[in-house]
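Colleague: My structure file structure_36.txt, compact mmCIF, C-alpha atoms, is below:
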# COMPACT_ATOMS: atom_id res chain seq x y z
CA VAL A 1 0.00 0.00 0.00
CA PRO A 2 1.64 3.30 -1.03
CA ILE A 3 1.59 5.95 1.70
CA ALA A 4 1.90 9.64 0.90
CA PHE A 5 3.60 11.39 3.82
CA PRO A 6 3.70 15.19 4.26
CA TYR A 7 7.43 15.16 5.04
CA LYS A 8 10.30 13.79 2.93
CA ARG A 9 11.91 11.69 5.64
CA PRO A 10 9.62 10.01 8.19
CA TYR A 11 11.27 8.84 11.39
CA THR A 12 12.21 5.17 11.53
CA SER A 13 9.65 4.70 14.31
CA GLN A 14 6.97 6.22 12.06
CA LYS A 15 7.84 3.83 9.22
CA GLN A 16 7.65 0.86 11.58
CA LEU A 17 4.35 2.03 13.03
CA MET A 18 2.81 2.55 9.59
CA ALA A 19 3.96 -0.90 8.44
CA LYS A 20 2.31 -2.51 11.47
CA VAL A 21 -0.94 -0.57 10.93
CA ILE A 22 -1.13 -1.59 7.26
CA ALA A 23 -0.38 -5.22 8.12
CA SER A 24 -3.11 -5.37 10.77
CA LEU A 25 -5.65 -3.75 8.43
CA ASN A 26 -4.85 -6.18 5.62
CA LYS A 27 -5.29 -9.11 7.99
CA GLU A 28 -8.37 -7.57 9.66
CA GLN A 29 -6.69 -7.91 13.04
CA ASN A 30 -6.56 -5.68 16.09
CA ALA A 31 -3.23 -4.04 16.82
CA LEU A 32 -1.95 -2.81 20.17
CA LEU A 33 0.87 -0.43 19.22
CA GLU A 34 3.01 1.85 21.37
CA SER A 35 5.30 4.70 20.40
CA PRO A 36 7.18 7.28 22.53
CA THR A 37 5.90 10.82 23.06
CA GLY A 38 7.02 13.14 20.30
CA SER A 39 7.67 10.37 17.79
CA GLY A 40 4.93 11.55 15.43
CA LYS A 41 2.64 8.57 16.01
CA SER A 42 -0.59 10.52 15.40
CA LEU A 43 0.47 11.56 11.90
CA ALA A 44 1.81 8.07 11.17
CA ILE A 45 -1.44 6.40 12.22
CA LEU A 46 -3.57 8.89 10.29
CA CYS A 47 -1.54 8.60 7.08
CA SER A 48 -1.39 4.80 7.16
CA VAL A 49 -5.09 4.29 7.88
CA LEU A 50 -6.22 6.89 5.33
CA ALA A 51 -3.80 5.54 2.71
CA TRP A 52 -5.03 1.98 3.22
CA HIS A 53 -8.66 3.05 3.00
CA LYS A 54 -8.10 5.09 -0.16
CA HIS A 55 -6.03 2.31 -1.76
CA LYS A 56 -8.65 -0.34 -1.02
CA TYR A 57 -11.89 1.54 -1.58
CA SER A 58 -11.16 4.48 -3.91
CA ASN A 59 -12.42 2.57 -6.96
CA GLN A 60 -15.10 0.61 -5.16
CA GLN A 61 -18.74 1.19 -5.95
CA HIS A 62 -21.00 0.85 -2.94
CA ASP A 63 -22.92 -2.03 -4.49
CA HIS A 64 -20.19 -4.68 -4.54
CA LYS A 65 -17.28 -6.03 -2.53
CA VAL A 66 -13.58 -5.68 -3.23
CA PRO A 67 -11.12 -8.43 -2.19
CA MET A 68 -8.51 -7.60 0.40
CA ASN A 69 -5.18 -6.30 -0.91
CA ASN A 70 -1.88 -7.88 0.11
CA THR A 71 1.13 -6.02 1.47
CA THR A 72 4.78 -6.99 1.69
CA THR A 73 4.87 -5.80 5.30
CA THR A 74 3.72 -8.33 7.89
CA PRO A 75 3.60 -7.97 11.68
CA SER A 76 5.70 -10.25 13.80
CA SER A 77 3.75 -13.21 15.11
CA SER A 78 3.03 -13.50 18.83
CA THR A 79 1.54 -17.01 18.65
CA THR A 80 4.84 -18.79 19.30
CA THR A 81 4.59 -21.53 21.89
CA GLY A 82 5.48 -20.20 25.30
CA ASP A 83 4.75 -16.57 24.50
CA PRO A 84 2.64 -15.23 27.43
CA SER A 85 1.05 -12.64 25.15
CA ALA A 86 -0.19 -15.23 22.64
CA SER A 87 -3.38 -16.01 24.54
CA PHE A 88 -4.17 -12.32 24.98
CA THR A 89 -3.51 -11.63 21.28
CA HIS A 90 -5.74 -14.52 20.25
CA LYS A 91 -8.60 -13.27 22.43
CA LEU A 92 -8.15 -9.70 21.22
CA ASN A 93 -8.38 -10.75 17.58
CA GLU A 94 -11.67 -12.52 18.25
CA PHE A 95 -13.12 -9.00 18.31
CA ARG A 96 -11.70 -8.02 14.94
CA PHE A 97 -13.82 -6.09 12.48
CA ASP A 98 -15.39 -8.29 9.80
CA SER A 99 -15.82 -6.23 6.64
CA THR A 100 -18.01 -8.89 5.04
CA THR A 101 -20.70 -8.88 7.71
CA THR A 102 -24.00 -7.40 6.58
CA GLN A 103 -25.40 -4.89 9.08
CA THR A 104 -28.82 -3.32 9.10
CA SER A 105 -28.51 -1.20 12.22
CA THR A 106 -29.80 2.36 12.03
CA HIS A 107 -27.31 3.61 14.60
CA PRO A 108 -25.46 6.68 13.25
CA LEU A 109 -22.10 4.95 13.47
CA THR A 110 -23.26 2.04 11.31
CA ASN A 111 -25.98 3.85 9.35
CA SER A 112 -28.63 1.84 7.52
CA THR A 113 -26.30 0.86 4.68
CA PRO A 114 -25.04 -2.76 4.94
CA ALA A 115 -21.32 -3.00 5.70
CA SER A 116 -20.81 -5.08 2.55
CA ARG A 117 -22.02 -2.14 0.48
CA ARG A 118 -20.31 0.72 2.28
CA PRO A 119 -16.59 1.00 3.05
CA PRO A 120 -15.83 0.90 6.79
CA ARG A 121 -15.59 4.24 8.51
CA MET A 122 -12.48 5.40 10.34
CA ILE A 123 -12.85 6.41 13.98
CA PHE A 124 -10.03 8.25 15.75
CA THR A 125 -10.41 8.79 19.48
CA SER A 126 -8.50 10.84 22.01
CA ARG A 127 -8.68 11.22 25.77
CA THR A 128 -9.42 14.96 25.92
CA HIS A 129 -10.89 17.64 23.66
CA GLY A 130 -7.51 19.38 23.61
CA GLN A 131 -5.80 16.26 22.29
CA LEU A 132 -8.62 15.86 19.80
CA GLN A 133 -7.93 19.33 18.45
CA GLN A 134 -4.26 18.38 17.98
CA LEU A 135 -5.29 15.20 16.18
CA ILE A 136 -7.47 17.18 13.76
CA ALA A 137 -4.56 19.55 13.11
CA GLU A 138 -2.47 16.51 12.15
CA TYR A 139 -5.29 15.28 9.92
CA ARG A 140 -5.17 18.61 8.09
CA ARG A 141 -1.46 17.99 7.33
CA THR A 142 -2.12 14.67 5.60
CA PRO A 143 -2.39 14.49 1.80
CA TYR A 144 -5.64 12.54 2.15
CA PHE A 145 -8.18 14.78 3.88
CA GLN A 146 -9.65 16.09 0.61
CA HIS A 147 -10.83 12.56 -0.25
CA PHE A 148 -13.03 12.14 2.81
CA SER A 149 -15.89 13.74 4.72
CA MET A 150 -15.27 14.14 8.44
CA VAL A 151 -17.05 14.96 11.67
CA VAL A 152 -15.80 15.80 15.14
CA LEU A 153 -18.01 14.86 18.08
CA ALA A 154 -18.07 16.66 21.40
CA SER A 155 -20.25 17.13 24.45
CA ARG A 156 -22.97 19.71 25.04
CA LYS A 157 -20.49 21.48 27.30
CA SER A 158 -18.27 22.18 24.30
CA LEU A 159 -20.94 22.70 21.64
CA CYS A 160 -23.94 24.36 23.30
CA ILE A 161 -24.55 27.90 22.00
CA ASN A 162 -27.77 28.62 23.88
CA SER A 163 -26.86 31.56 26.15
CA MET A 164 -29.52 30.51 28.68
CA ILE A 165 -28.18 26.96 29.01
CA GLN A 166 -24.48 27.10 28.20
CA PRO A 167 -23.34 28.71 31.51
CA LEU A 168 -25.26 26.17 33.65
CA SER A 169 -23.54 23.25 35.36
CA ASP A 170 -26.44 20.89 34.59
CA ARG A 171 -26.64 21.87 30.93
CA ASN A 172 -27.34 18.30 29.84
CA GLU A 173 -30.57 18.14 31.81
CA GLN A 174 -31.52 21.70 30.92
CA CYS A 175 -30.94 20.96 27.26
CA LYS A 176 -33.26 17.94 27.42
CA LYS A 177 -35.95 20.00 29.15
CA ALA A 178 -35.65 22.76 26.56
CA LEU A 179 -36.05 20.20 23.79
CA GLU A 180 -39.09 18.63 25.44
CA ASN A 181 -40.68 22.06 25.77
CA ARG A 182 -39.48 23.11 22.31
CA ASP A 183 -37.90 26.07 23.99
CA CYS A 184 -34.55 26.10 22.20
CA ALA A 185 -34.33 28.33 19.15
CA TYR A 186 -31.30 26.44 17.85
CA HIS A 187 -32.92 23.01 17.61
CA LYS A 188 -36.60 23.21 16.88
CA SER A 189 -36.69 19.92 14.98
CA ARG A 190 -34.48 17.32 13.32
CA ALA A 191 -34.81 19.28 10.08
CA TYR A 192 -32.88 22.09 11.79
CA SER A 193 -29.92 19.77 12.38
CA GLU A 194 -30.11 18.40 8.86
CA ARG A 195 -29.20 21.86 7.57
CA PHE A 196 -25.64 21.25 8.75
CA LYS A 197 -25.25 18.74 5.91
CA GLN A 198 -25.96 21.49 3.39
CA LEU A 199 -23.26 23.87 4.64
CA SER A 200 -20.13 24.11 2.51
CA ALA A 201 -18.05 24.50 5.69
CA PHE A 202 -18.69 20.83 6.45
CA SER A 203 -18.67 19.32 2.97
CA LYS A 204 -16.37 16.55 1.74
CA GLY A 205 -12.72 17.55 1.78
CA THR A 206 -13.08 20.24 4.46
CA VAL A 207 -11.34 20.13 7.84
CA TYR A 208 -12.85 21.80 10.89
CA ASP A 209 -12.68 21.64 14.65
CA ILE A 210 -14.97 22.29 17.60
CA GLU A 211 -14.46 26.05 17.43
CA ASP A 212 -15.50 26.04 13.77
CA LEU A 213 -18.67 24.14 14.63
CA VAL A 214 -19.58 26.63 17.35
CA MET A 215 -18.81 29.62 15.13
CA GLU A 216 -20.89 28.26 12.25
CA GLY A 217 -23.73 27.33 14.61
CA GLU A 218 -23.85 30.83 16.05
CA LYS A 219 -23.76 32.36 12.57
CA ARG A 220 -26.61 30.16 11.28
CA ALA A 221 -28.56 29.87 14.56
CA LEU A 222 -28.20 26.08 14.39
CA CYS A 223 -27.30 23.74 17.24
CA PRO A 224 -23.76 22.39 16.69
CA TYR A 225 -24.33 19.46 19.05
CA PHE A 226 -27.20 17.99 17.07
CA GLY A 227 -25.66 19.24 13.84
CA THR A 228 -22.71 16.90 14.37
CA ARG A 229 -25.17 14.02 14.84
CA ALA A 230 -26.55 14.76 11.40
CA LEU A 231 -23.07 14.99 9.89
CA LEU A 232 -22.17 11.71 11.57
CA GLU A 233 -24.59 9.79 9.37
CA THR A 234 -22.49 10.34 6.23
CA ALA A 235 -18.98 10.94 7.63
CA ASP A 236 -16.07 8.76 6.52
CA VAL A 237 -13.71 9.97 9.25
CA ILE A 238 -14.94 10.41 12.82
CA PHE A 239 -13.05 12.16 15.59
CA CYS A 240 -14.38 11.71 19.11
CA PRO A 241 -13.15 11.98 22.72
Kindly present the structure from the file in structure tokens form.
Modeller:
Amino acid sequence: VPIAFPYKRPYTSQKQLMAKVIASLNKEQNALLESPTGSGKSLAILCSVLAWHKHKYSNQQHDHKVPMNNTTTTPSSSTTTGDPSASFTHKLNEFRFDSTTTQTSTHPLTNSTPASRRPPRMIFTSRTHGQLQQLIAEYRRTPYFQHFSMVVLASRKSLCINSMIQPLSDRNEQCKKALENRDCAYHKSRAYSERFKQLSAFSKGTVYDIEDLVMEGEKRALCPYFGTRALLETADVIFCP
């Protein structure tokens, strides 16, 4: 799988990390990878996953399957007799993603499109919103972002723009009450949230963060929190804490 990297000379640790990511994706296996702080692991993971996805699915129509591609890079095996991690690795891989399984769930993360007809979506998680912002900044540096639609998820605390609710400590409950009473001007109905899909600021190939969502929501008088739920339905790349 060819990987386009934004810098001429990736670190050796980045090359090794990307090789392991590609190998695990080709084999549909989980991978537990570790890299030191400051080694550029976020960019390496993003580039390798996005490159693999583009290489495998760029020419795929959503009405048929494409066979798995092979790579010359293979992860070292941990199933050698006597290896204490072998049992753990075996159990972990029992939970691997099966790209041939047909799903009919209507959950936003799976959508109503069967998995055999839609390429798998890429989910990148981080522990805090601050780290998530840094991850999105790295995503913007990759040569691949223009090929995908993205969404960044966050809590009501970060996305609420209702001046009557946003300062409150129990904003989650107050938000629910406002919705029940139809007392929030920013989310009168689901159709309000659907308008986020029509905004060019969030179209395919654009990169945005939480601040951009809030700014656009305030400008359009649309709730960013529920707007991201609408964008989630069609997003290829998902960032979430």
Colleague: Report the closest atom pair, with its distance in Å rounded to one decimal, for each residue of stretch 113-141 of chain A that has an atom no farther than 12 Å from stretch 221-234 of chain A; count only C-alpha atoms, sort by chain and then rising residue number, and write it as a Markdown table.
Modeller:
| residue | atom | partner | partner_atom | distance |
| --- | --- | --- | --- | --- |
| A:Thr113 | CA | A:Glu233 | CA | 10.2 |
| A:Arg118 | CA | A:Thr234 | CA | 10.6 |
| A:Pro119 | CA | A:Thr234 | CA | 11.5 |
| A:Pro120 | CA | A:Thr234 | CA | 11.6 |
| A:Arg121 | CA | A:Thr234 | CA | 9.5 |
| A:Met122 | CA | A:Leu232 | CA | 11.6 |
| A:Ile123 | CA | A:Leu232 | CA | 11.0 |
Colleague: Between A:Leu17, A:Asn26, A:Leu32, A:Ala51, which is the closest to A:Pro2 once you count all atoms listed in the file?
Modeller: A:Ala51
Colleague: Would you kindly identify which residues have an atom no farther than 10 Å from (-1.9, 10.1, 12.4), using only C-alpha atoms and the file's own coordinates, and write them out as a list in words?
Modeller: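 These residues have at least one counted atom within 10 Å: Gln14, Met18, Gly40, Lys41, Ser42, Leu43, Ala44, Ile45, Leu46, Cys47, Ser48, Val49, Leu50, Phe124, Leu135, Ile136, Ala137, Glu138, Tyr139, Arg141 and Thr142 of chain A.
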Colleague: What does the structure give for the distance between atom CA of A:Arg182 and atom CA of A:His129, in Å to one decimal?
Modeller: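 Computing the Euclidean distance for atom CA of A:Arg182 and atom CA of A:His129 yields 29.1 Å.
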Colleague: Just how far from atom CA of A:Ser35 is atom CA of A:Lys20, in Å to one decimal?
Modeller: 11.9 Å
Colleague: Could you jot down the atom CA of A:Pro143 to atom CA of A:Thr206 separation for me, Å, one decimal place?
Modeller: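 Between atom CA of A:Pro143 and atom CA of A:Thr206 the gap is 12.4 Å.
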Colleague: Nearest to A:Arg195 among A:Pro36, A:Gly217, A:Pro167, A:Gly130, with distances taken over all atoms listed in the file: which residue is it?
Modeller: A:Gly217
Colleague: If you count all atoms listed in the file, which residues fall within 12 Å of A:Ala185, apart from same-chain ones fewer than 2 positions away, as a list in words?
Modeller: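 Counting only the stated atoms, we get Cys160, Ile161, Asn162, Ser163, Met164, Ile165, Cys175, Ala178, Leu179, Asn181, Arg182, Asp183, His187, Lys188, Ser189, Tyr192, Ser193, Gly217, Glu218, Arg220, Ala221, Leu222 and Cys223 of chain A.
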Colleague: Which is closest to A:Thr12 among A:Phe148, A:Ser39, A:Asn172, A:Lys177, if we use all atoms listed in the file?
Modeller: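 When distances to A:Thr12 are compared using all atoms listed in the file, the smallest one comes from A:Ser39.
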